[in-house]
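Have a look at target.cif below; it lists mmCIF, C-alpha atoms and all ligand atoms.
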```cif
data_upload
#
loop_
_atom_site.label_atom_id
_atom_site.label_comp_id
_atom_site.auth_asym_id
_atom_site.auth_seq_id
_atom_site.Cartn_x
_atom_site.Cartn_y
_atom_site.Cartn_z
CA MET A 179 0.00 0.00 0.00
CA THR A 180 0.98 3.64 -0.31
CA ASP A 181 1.03 5.49 3.00
CA ARG A 182 -0.62 8.83 3.62
CA PRO A 183 2.15 11.38 3.03
CA HIS A 184 3.19 13.56 5.93
CA GLY A 185 1.24 16.82 5.86
CA ALA A 186 -1.75 15.60 3.87
CA SER A 187 -4.83 17.05 5.52
CA SER A 188 -7.45 15.31 3.38
CA SER A 189 -7.69 12.51 0.85
CA VAL A 190 -9.33 11.76 -2.49
CA SER A 191 -10.21 8.42 -4.05
CA PHE A 192 -11.28 7.91 -7.64
CA THR A 193 -13.52 4.85 -7.86
CA PHE A 194 -15.10 3.28 -10.94
CA ASP A 195 -17.97 0.80 -11.04
CA VAL A 196 -17.53 -1.23 -14.22
CA ASP A 197 -21.18 -2.25 -14.58
CA ALA A 198 -21.29 -3.00 -18.33
CA GLU A 199 -24.63 -4.63 -19.20
CA GLU A 200 -25.25 -5.92 -15.67
CA VAL A 201 -26.89 -2.75 -14.33
CA TRP A 202 -29.71 -3.11 -16.86
CA LEU A 203 -30.00 -6.87 -16.32
CA GLY A 204 -30.14 -6.34 -12.55
CA GLU A 205 -32.93 -3.80 -12.96
CA ASP A 206 -35.03 -6.11 -15.11
CA PRO A 207 -33.99 -9.59 -16.33
CA LYS A 208 -36.22 -9.03 -19.39
CA ASN A 209 -33.60 -6.55 -20.62
CA ALA A 210 -31.61 -9.64 -21.69
CA ARG A 211 -33.86 -9.51 -24.78
CA ARG A 212 -33.10 -5.82 -25.48
CA PRO A 213 -29.62 -5.60 -27.04
CA VAL A 214 -29.74 -1.84 -27.62
CA VAL A 215 -30.59 -1.17 -23.96
CA LEU A 216 -27.63 -3.38 -22.96
CA SER A 217 -25.33 -1.68 -25.46
CA GLN A 218 -25.34 1.45 -23.26
CA GLY A 219 -23.34 -0.61 -20.76
CA SER A 220 -21.16 -2.45 -23.28
CA TYR A 221 -19.62 0.92 -24.15
CA GLY A 222 -17.93 0.99 -20.70
CA PRO A 223 -15.45 -1.89 -21.01
CA ARG A 224 -15.29 -1.72 -24.81
CA VAL A 225 -14.51 2.00 -25.22
CA GLY A 226 -14.76 4.19 -22.11
CA LEU A 227 -12.35 2.25 -19.91
CA ALA A 228 -9.28 2.74 -22.14
CA SER A 229 -9.62 6.54 -22.08
CA ILE A 230 -10.10 6.51 -18.32
CA LEU A 231 -6.95 4.41 -17.83
CA GLU A 232 -5.02 6.81 -20.05
CA ILE A 233 -6.11 9.86 -18.04
CA LEU A 234 -5.23 8.13 -14.74
CA ASP A 235 -1.84 7.14 -16.12
CA LEU A 236 -1.03 10.62 -17.43
CA ASN A 237 -1.71 12.03 -13.97
CA GLY A 238 0.02 9.25 -12.02
CA VAL A 239 -3.17 8.37 -10.17
CA VAL A 240 -3.97 4.89 -8.84
CA ALA A 241 -7.72 4.19 -8.61
CA SER A 242 -10.21 1.53 -7.47
CA PHE A 243 -12.31 -0.45 -9.96
CA PHE A 244 -15.33 -2.43 -8.74
CA PHE A 245 -16.35 -5.27 -11.07
CA PRO A 246 -19.48 -7.43 -10.92
CA GLY A 247 -18.25 -11.02 -11.31
CA ARG A 248 -20.22 -11.52 -14.50
CA VAL A 249 -18.55 -8.46 -16.05
CA ALA A 250 -15.13 -9.87 -15.12
CA GLU A 251 -16.10 -13.13 -16.83
CA ALA A 252 -17.46 -11.41 -19.95
CA TYR A 253 -14.62 -8.86 -20.27
CA PRO A 254 -11.42 -10.46 -18.95
CA ALA A 255 -9.28 -8.04 -20.96
CA ALA A 256 -10.87 -5.13 -19.06
CA VAL A 257 -9.86 -6.62 -15.69
CA GLU A 258 -6.38 -7.39 -17.01
CA SER A 259 -5.87 -3.85 -18.32
CA VAL A 260 -6.91 -2.37 -14.96
CA LEU A 261 -4.55 -4.70 -13.06
CA ALA A 262 -1.68 -4.15 -15.52
CA ALA A 263 -1.94 -0.40 -14.83
CA GLY A 264 -1.54 -1.06 -11.09
CA HIS A 265 -5.08 -0.21 -9.97
CA GLU A 266 -7.18 -1.92 -7.32
CA VAL A 267 -9.86 -4.41 -8.42
CA ALA A 268 -12.69 -4.98 -5.95
CA HIS A 269 -16.11 -6.65 -5.58
CA HIS A 270 -19.34 -5.23 -7.03
CA GLY A 271 -21.63 -8.26 -6.73
CA TYR A 272 -21.75 -11.18 -9.10
CA THR A 273 -24.81 -9.92 -10.90
CA HIS A 274 -25.88 -6.29 -10.36
CA ARG A 275 -29.03 -7.19 -8.41
CA ALA A 276 -29.59 -4.95 -5.37
CA PRO A 277 -28.72 -6.91 -2.18
CA GLY A 278 -31.74 -5.46 -0.35
CA SER A 279 -33.98 -7.35 -2.77
CA LEU A 280 -32.20 -10.70 -2.21
CA THR A 281 -32.45 -13.31 0.55
CA PRO A 282 -29.38 -13.82 2.77
CA GLY A 283 -28.75 -17.09 0.89
CA GLU A 284 -28.88 -15.36 -2.48
CA GLN A 285 -26.60 -12.61 -1.21
CA ALA A 286 -24.09 -15.19 0.05
CA GLU A 287 -24.06 -16.74 -3.41
CA GLU A 288 -23.44 -13.30 -4.95
CA PHE A 289 -20.45 -12.82 -2.63
CA GLU A 290 -19.04 -16.29 -3.33
CA ARG A 291 -19.39 -16.18 -7.10
CA GLY A 292 -18.13 -12.60 -7.30
CA ILE A 293 -15.01 -13.53 -5.30
CA ALA A 294 -14.43 -16.63 -7.44
CA ALA A 295 -14.69 -14.58 -10.66
CA LEU A 296 -11.99 -12.16 -9.45
CA GLN A 297 -9.75 -14.94 -8.09
CA VAL A 298 -9.32 -16.12 -11.69
CA PHE A 299 -7.18 -12.97 -12.10
CA GLY A 300 -5.25 -13.59 -8.88
CA VAL A 301 -7.31 -10.97 -7.03
CA THR A 302 -8.68 -11.51 -3.55
CA PRO A 303 -10.86 -8.42 -3.24
CA SER A 304 -10.52 -6.47 0.00
CA GLY A 305 -13.35 -4.05 -0.76
CA TYR A 306 -17.06 -4.39 -1.41
CA ARG A 307 -19.30 -1.95 -3.19
CA ALA A 308 -22.88 -3.18 -3.38
CA PRO A 309 -24.76 -2.85 -6.66
CA SER A 310 -26.58 0.48 -6.40
CA TRP A 311 -25.04 0.99 -2.90
CA ASP A 312 -27.95 -1.07 -1.64
CA PHE A 313 -27.71 -3.06 1.62
CA GLY A 314 -30.31 -5.30 3.22
CA PRO A 315 -30.39 -5.95 6.98
CA ASP A 316 -27.99 -8.93 6.57
CA THR A 317 -25.52 -7.44 4.11
CA LEU A 318 -23.03 -5.94 6.56
CA ARG A 319 -22.82 -9.25 8.46
CA LEU A 320 -22.04 -11.00 5.17
CA VAL A 321 -19.41 -8.40 4.23
CA GLN A 322 -17.68 -9.19 7.54
CA GLN A 323 -18.20 -12.96 7.15
CA PHE A 324 -16.64 -13.01 3.67
CA GLY A 325 -13.55 -11.27 5.04
CA PHE A 326 -13.78 -7.88 3.35
CA ARG A 327 -11.61 -5.22 4.96
CA TYR A 328 -13.72 -2.34 3.75
CA SER A 329 -17.10 -1.32 2.35
CA SER A 330 -17.73 1.76 0.20
CA ASN A 331 -21.49 2.26 0.28
CA PHE A 332 -22.68 4.37 3.20
CA MET A 333 -23.31 8.11 3.40
CA THR A 334 -23.00 8.40 7.18
CA ASP A 335 -19.83 10.49 7.32
CA ILE A 336 -17.19 12.32 5.28
CA ARG A 337 -14.38 10.36 6.94
CA PRO A 338 -13.71 6.62 6.95
CA PHE A 339 -15.10 4.89 10.02
CA ARG A 340 -15.40 1.38 11.43
CA HIS A 341 -18.79 -0.31 11.38
CA GLU A 342 -19.51 -1.00 15.02
CA GLY A 343 -18.88 -4.56 16.13
CA THR A 344 -17.05 -5.50 12.92
CA GLU A 345 -13.59 -5.34 11.35
CA VAL A 346 -15.07 -3.51 8.35
CA ILE A 347 -13.94 0.05 7.62
CA GLU A 348 -16.39 2.19 5.68
CA VAL A 349 -15.03 4.49 2.95
CA PRO A 350 -18.12 6.68 2.61
CA VAL A 351 -19.69 7.88 -0.63
CA HIS A 352 -22.47 10.27 -1.63
CA TRP A 353 -24.72 10.87 -4.64
CA ILE A 354 -23.24 14.37 -5.00
CA LEU A 355 -19.92 12.87 -6.15
CA ASP A 356 -21.49 10.16 -8.36
CA ASP A 357 -21.60 10.73 -12.13
CA ALA A 358 -24.77 8.61 -12.48
CA ALA A 359 -26.79 10.96 -10.26
CA HIS A 360 -26.06 13.83 -12.64
CA PHE A 361 -25.97 12.15 -16.02
CA TRP A 362 -28.30 9.14 -15.83
CA PHE A 363 -30.80 9.23 -18.65
CA SER A 364 -33.57 6.69 -18.96
CA GLY A 365 -34.82 6.00 -22.46
CA ASP A 366 -37.92 4.45 -20.87
CA THR A 367 -39.16 7.50 -18.99
CA TRP A 368 -37.51 10.53 -20.63
CA THR A 369 -38.01 12.37 -17.37
CA LYS A 370 -34.50 13.65 -16.78
CA LYS A 371 -32.38 16.21 -18.58
CA ILE A 372 -28.74 15.29 -19.18
CA SER A 373 -26.57 17.72 -17.17
CA THR A 374 -23.76 19.76 -18.66
CA ASN A 375 -20.16 19.31 -17.53
CA THR A 376 -20.20 22.87 -16.19
CA GLU A 377 -23.16 22.14 -13.90
CA VAL A 378 -21.61 18.93 -12.60
CA GLU A 379 -18.15 20.42 -12.20
CA GLU A 380 -19.64 23.16 -10.02
CA ILE A 381 -21.36 20.52 -7.85
CA PHE A 382 -18.22 18.33 -7.64
CA THR A 383 -15.93 21.26 -6.84
CA ALA A 384 -18.16 22.62 -4.06
CA GLU A 385 -18.46 19.23 -2.35
CA ALA A 386 -14.80 18.24 -2.81
CA SER A 387 -13.45 21.53 -1.50
CA GLY A 388 -15.95 21.44 1.39
CA ILE A 389 -14.83 17.94 2.38
CA ALA A 390 -11.16 18.93 2.04
CA ARG A 391 -11.71 21.95 4.29
CA LEU A 392 -13.14 19.64 6.95
CA GLY A 393 -10.22 17.20 6.55
CA GLY A 394 -12.35 14.41 5.13
CA THR A 395 -12.13 11.93 2.27
CA VAL A 396 -13.54 12.76 -1.16
CA VAL A 397 -14.76 9.58 -2.86
CA TYR A 398 -15.78 10.02 -6.48
CA THR A 399 -17.94 7.25 -7.92
CA PHE A 400 -17.68 7.04 -11.69
CA HIS A 401 -18.98 4.59 -14.30
CA PRO A 402 -17.06 3.94 -17.54
CA GLN A 403 -20.34 3.93 -19.49
CA ILE A 404 -21.13 7.44 -18.17
CA ILE A 405 -17.93 9.41 -17.45
CA GLY A 406 -16.20 7.54 -20.31
CA ARG A 407 -18.36 9.25 -22.95
CA PRO A 408 -16.09 11.44 -25.10
CA GLY A 409 -17.64 14.74 -24.03
CA ARG A 410 -17.37 13.94 -20.33
CA LEU A 411 -13.75 12.80 -20.12
CA PRO A 412 -12.61 16.44 -19.61
CA LEU A 413 -14.76 16.51 -16.45
CA LEU A 414 -12.90 13.49 -15.10
CA GLU A 415 -9.61 15.06 -16.10
CA SER A 416 -10.37 18.30 -14.27
CA ALA A 417 -11.39 16.45 -11.07
CA ILE A 418 -8.11 14.51 -11.20
CA THR A 419 -5.86 17.46 -12.00
CA ARG A 420 -7.45 19.51 -9.19
CA ALA A 421 -6.76 16.72 -6.71
CA VAL A 422 -3.16 16.03 -7.75
CA ALA A 423 -2.29 19.74 -7.85
CA ASP A 424 -3.10 20.18 -4.14
CA PRO A 425 -0.05 19.30 -2.01
CA HIS A 426 -2.28 18.80 1.04
CA VAL A 427 -4.36 16.08 -0.62
CA TRP A 428 -3.49 12.38 -0.59
CA VAL A 429 -4.84 10.65 -3.70
CA ALA A 430 -5.16 6.91 -3.06
CA THR A 431 -7.20 3.79 -3.68
CA ALA A 432 -10.19 3.08 -1.44
CA ALA A 433 -8.24 0.09 -0.02
CA ASP A 434 -5.29 2.28 0.98
CA ILE A 435 -7.59 4.87 2.54
CA ALA A 436 -9.34 2.13 4.53
CA ASP A 437 -6.02 0.65 5.69
CA ASP A 438 -4.81 4.11 6.71
CA ALA A 439 -8.00 4.67 8.72
CA ARG A 440 -7.45 1.33 10.48
CA LYS A 441 -3.86 2.32 11.31
CA GLN A 442 -4.98 5.67 12.73
CA GLU A 443 -7.21 3.78 15.21
CA THR A 444 -4.28 2.05 16.90
ZN ZN A 501 -22.88 -0.58 -10.32
#
```
Could I get this structure in the form of structure tokens?
Amino acid sequence: MTDRPHGASSSVSFTFDVDAEEVWLGEDPKNARRPVVLSQGSYGPRVGLASILEILDLNGVVASFFFPGRVAEAYPAAVESVLAAGHEVAHHGYTHRAPGSLTPGEQAEEFERGIAALQVFGVTPSGYRAPSWDFGPDTLRLVQQFGFRYSSNFMTDIRPFRHEGTEVIEVPVHWILDDAAHFWFSGDTWTKKISTNTEVEEIFTAEASGIARLGGTVVYTFHPQIIGRPGRLPLLESAITRAVADPHVWVATAADIADDARKQET
């Protein structure tokens, strides 16, 4: 791991959920019969991911990539390219079904199969991001039981914290710093305007500088099928360049931020 440099007063983590087609399949299994709907997700590993990796590389930033197991199986080259660039690969379910809608037994199967799919690449994931950040009453217990060191799902705080009674460190997130909240467009409902980069950059900058002022951890949640669109890559670039230009900010993977939080406890 990389250690928090001396003098860093806040931290930033760039995280990417590589959902591919699974987000639409998780929403409605009938989407398996709708290839154009699914193609919105295929863009992520096929096209968006390479540009994202290039921007991270140019700026010397190491990031965290959460893969559903089925995406890892369908796009092994995507997992390999992320690992070859030195980034973290972590767990994002096996399918993209929301854990809160599953029985504990079904959730356990999601954990097991998701871990097995990543182990094929020599990865034992230390972090868990639930599909849609959704937990049921049993999910945290299962996260602990399956040996994850951290979760990145809750909105309780702006600093990492330990879930009471567990070994699990939370690396907290929020919709404000999630590209999907600002850019998600549903071809079924047509109820939402697609935001401009300027609008979203203003929202990102306000929240990130606010968290930094309070000494917290800024966790961006991006999706290759969303932020990887050609017109949005400059938004990712500006968030990264702002973070790396600040000498008081530690830019690190979610796993390193969780490990650092654990060290600070002792
Ligand atoms: Zn997802």
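Non-sequential neighbours of Arg407 of chain A (distance at most 10 Å, separation of 6 or more positions within a chain, only C-alpha atoms) are Tyr221, Gly222, Val225, Gly226, Leu227, Ser229, Ile230 and His401 of chain A.
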With 6 Å of padding per side, what axis-aligned box (centre and edge lengths, Å, one decimal) covers all the listed atoms of segment 425-443 of chain A? Give it as JSON.
```
{"center_x": -5.1, "center_y": 9.7, "center_z": 5.8, "size_x": 22.1, "size_y": 31.2, "size_z": 30.9}
```
Query raised in the report: Counting only C-alpha atoms, what is within 10 Å of segment 438-443 of chain A, bar same-chain residues fewer than 2 positions away, as a list in words?
Result: Met179, Thr180, Asp181, Arg182, Arg327, Tyr328, Arg337, Pro338, Phe339, Arg340, Glu345, Val346, Ile347, Glu348, Val349, Ala432, Ala433, Asp434, Ile435 and Ala436 of chain A
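Where the distance criterion is 10 Å and the atoms used are all atoms listed in the file, the residues close to ligand ZN 501 (chain A) are Phe194, Asp195, Val196, Asp197, Ala198, Glu199, Glu200, Val201, Trp202, Gly204, Phe244, Phe245, Pro246, His270, Gly271, Thr273, His274, Arg275, Ala276, Arg307, Ala308, Pro309, Ser310, Trp311, Ala358, Thr399, Phe400 and His401 of chain A.
The two atoms in question, atom CA of Arg319 of chain A and atom CA of Val249 of chain A, are spaced 24.9 Å apart.
Restricting the calculation to all atoms listed in the file, the smallest distance between Gly283 of chain A and any of A:Val190, A:Leu320, A:Leu392, A:Val298 is found for A:Leu320.
Atom CA of Arg248 of chain A is found 13.6 Å from atom CA of Ala210 of chain A.
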Query raised in the report: If we count all atoms listed in the file, what is near Val301 of chain A at a cut-off of 10 Å, once residues fewer than 6 positions away on the same chain are taken out, given as an MDAnalysis selection string?
Result: chainID A and resid 261 266:269 293:295
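Of note, atom CA of Leu411 of chain A and atom CA of Val351 of chain A are spaced 21.0 Å apart.
Nearest-residue note for Glu251 of chain A: choosing from A:Thr193, A:Gln285, A:Gln297, A:Asn209, the minimum distance belongs to A:Gln297, counting all atoms listed in the file.
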Report task. Would you mind telling me which residue in A:Ile404, A:Ile336, A:Ile418, A:Leu413 lies nearest to Glu380 of chain A when using all atoms listed in the file? Result -> A:Leu413
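By all atoms listed in the file, and with residues fewer than 5 positions from Arg420 of chain A along its chain excluded, the set lying at most 12 Å from it is Val190, Asn237, Val239, Glu379, Phe382, Thr383, Ala386, Ser387, Ala390, Leu413, Leu414, Glu415, Pro425, His426, Val427, Trp428 and Val429 of chain A.
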Could you take the residues named above and write them with C-alpha atoms, as an mmCIF file, keeping the file's coordinate frame?
```
data_model
loop_
_atom_site.group_PDB
_atom_site.id
_atom_site.type_symbol
_atom_site.label_atom_id
_atom_site.label_comp_id
_atom_site.auth_asym_id
_atom_site.auth_seq_id
_atom_site.Cartn_x
_atom_site.Cartn_y
_atom_site.Cartn_z
ATOM 1 C CA VAL A 190 -9.330 11.760 -2.490
ATOM 2 C CA ASN A 237 -1.710 12.030 -13.970
ATOM 3 C CA VAL A 239 -3.170 8.370 -10.170
ATOM 4 C CA GLU A 379 -18.150 20.420 -12.200
ATOM 5 C CA PHE A 382 -18.220 18.330 -7.640
ATOM 6 C CA THR A 383 -15.930 21.260 -6.840
ATOM 7 C CA ALA A 386 -14.800 18.240 -2.810
ATOM 8 C CA SER A 387 -13.450 21.530 -1.500
ATOM 9 C CA ALA A 390 -11.160 18.930 2.040
ATOM 10 C CA LEU A 413 -14.760 16.510 -16.450
ATOM 11 C CA LEU A 414 -12.900 13.490 -15.100
ATOM 12 C CA GLU A 415 -9.610 15.060 -16.100
ATOM 13 C CA PRO A 425 -0.050 19.300 -2.010
ATOM 14 C CA HIS A 426 -2.280 18.800 1.040
ATOM 15 C CA VAL A 427 -4.360 16.080 -0.620
ATOM 16 C CA TRP A 428 -3.490 12.380 -0.590
ATOM 17 C CA VAL A 429 -4.840 10.650 -3.700
#
```
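When all atoms listed in the file are used to measure the gap to Gly305 of chain A, the shortest distance among A:Phe332, A:Trp362, A:Tyr272, A:Phe243 belongs to A:Phe243.
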Query raised in the report: Which residue gives the smallest distance to Ala250 of chain A among A:Phe289, A:Phe363, A:Tyr306, A:Phe299, with all atoms listed in the file counted?
Result: A:Phe299
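Here the question is which of A:Gly314, A:Gly394, A:Gly388, A:Pro303 gets nearest to Thr281 of chain A using only C-alpha atoms, and that residue is A:Gly314.
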Requested in this report: Fewer than 5 positions away in the same chain doesn't count, so skip those; otherwise give me all residues within 7 Å of Tyr398 of chain A, counting only C-alpha atoms, as a list in words.
Outcome: Ser191, Phe192, Thr193, Leu355 and Asp356 of chain A
Since the input lacks some atoms of segment 325-351 of chain A, please model N, CA and C atoms and print them as a compact mmCIF listing (two decimals), in the frame of the given file.
```txt
# COMPACT_ATOMS: atom_id res chain seq x y z
N GLY A 325 -14.93 -11.71 4.81
CA GLY A 325 -13.55 -11.27 5.04
C GLY A 325 -13.16 -9.97 4.36
N PHE A 326 -14.14 -9.16 3.95
CA PHE A 326 -13.78 -7.88 3.35
C PHE A 326 -13.23 -6.93 4.41
N ARG A 327 -12.20 -6.17 4.02
CA ARG A 327 -11.61 -5.22 4.96
C ARG A 327 -12.35 -3.89 4.92
N TYR A 328 -12.97 -3.60 3.78
CA TYR A 328 -13.72 -2.34 3.75
C TYR A 328 -14.97 -2.45 2.88
N SER A 329 -15.89 -1.50 3.14
CA SER A 329 -17.10 -1.32 2.35
C SER A 329 -17.06 0.12 1.85
N SER A 330 -17.64 0.38 0.67
CA SER A 330 -17.73 1.76 0.20
C SER A 330 -19.13 1.98 -0.34
N ASN A 331 -20.05 2.23 0.59
CA ASN A 331 -21.49 2.26 0.28
C ASN A 331 -22.30 3.26 1.09
N PHE A 332 -21.85 3.59 2.28
CA PHE A 332 -22.68 4.37 3.20
C PHE A 332 -22.42 5.87 3.06
N MET A 333 -23.39 6.66 3.52
CA MET A 333 -23.31 8.11 3.40
C MET A 333 -23.30 8.78 4.77
N THR A 334 -22.91 7.98 5.79
CA THR A 334 -23.00 8.40 7.18
C THR A 334 -22.06 9.53 7.54
N ASP A 335 -20.90 9.60 6.85
CA ASP A 335 -19.83 10.49 7.32
C ASP A 335 -19.06 11.01 6.11
N ILE A 336 -18.11 11.91 6.35
CA ILE A 336 -17.19 12.32 5.28
C ILE A 336 -15.79 11.79 5.56
N ARG A 337 -15.66 10.99 6.60
CA ARG A 337 -14.38 10.36 6.94
C ARG A 337 -14.59 8.85 7.06
N PRO A 338 -13.56 8.07 6.75
CA PRO A 338 -13.71 6.62 6.95
C PRO A 338 -14.00 6.31 8.42
N PHE A 339 -14.79 5.29 8.65
CA PHE A 339 -15.10 4.89 10.02
C PHE A 339 -15.30 3.38 10.07
N ARG A 340 -15.21 2.83 11.27
CA ARG A 340 -15.40 1.38 11.43
C ARG A 340 -16.87 1.09 11.74
N HIS A 341 -17.43 0.11 11.03
CA HIS A 341 -18.79 -0.31 11.38
C HIS A 341 -18.74 -1.01 12.73
N GLU A 342 -19.52 -0.51 13.64
CA GLU A 342 -19.51 -1.00 15.02
C GLU A 342 -19.64 -2.52 15.10
N GLY A 343 -18.80 -3.11 15.90
CA GLY A 343 -18.88 -4.56 16.13
C GLY A 343 -18.31 -5.39 15.00
N THR A 344 -17.64 -4.76 14.05
CA THR A 344 -17.05 -5.50 12.92
C THR A 344 -15.60 -5.04 12.69
N GLU A 345 -14.94 -5.74 11.78
CA GLU A 345 -13.59 -5.34 11.35
C GLU A 345 -13.67 -4.48 10.09
N VAL A 346 -14.88 -4.15 9.66
CA VAL A 346 -15.07 -3.51 8.35
C VAL A 346 -14.97 -1.99 8.47
N ILE A 347 -14.06 -1.41 7.70
CA ILE A 347 -13.94 0.05 7.62
C ILE A 347 -14.83 0.54 6.47
N GLU A 348 -15.57 1.58 6.74
CA GLU A 348 -16.39 2.19 5.68
C GLU A 348 -15.62 3.34 5.04
N VAL A 349 -15.59 3.35 3.70
CA VAL A 349 -15.03 4.49 2.95
C VAL A 349 -16.25 5.17 2.31
N PRO A 350 -16.78 6.21 2.97
CA PRO A 350 -18.12 6.68 2.61
C PRO A 350 -18.21 7.42 1.28
N VAL A 351 -19.40 7.32 0.69
CA VAL A 351 -19.69 7.88 -0.63
C VAL A 351 -20.85 8.87 -0.49
```
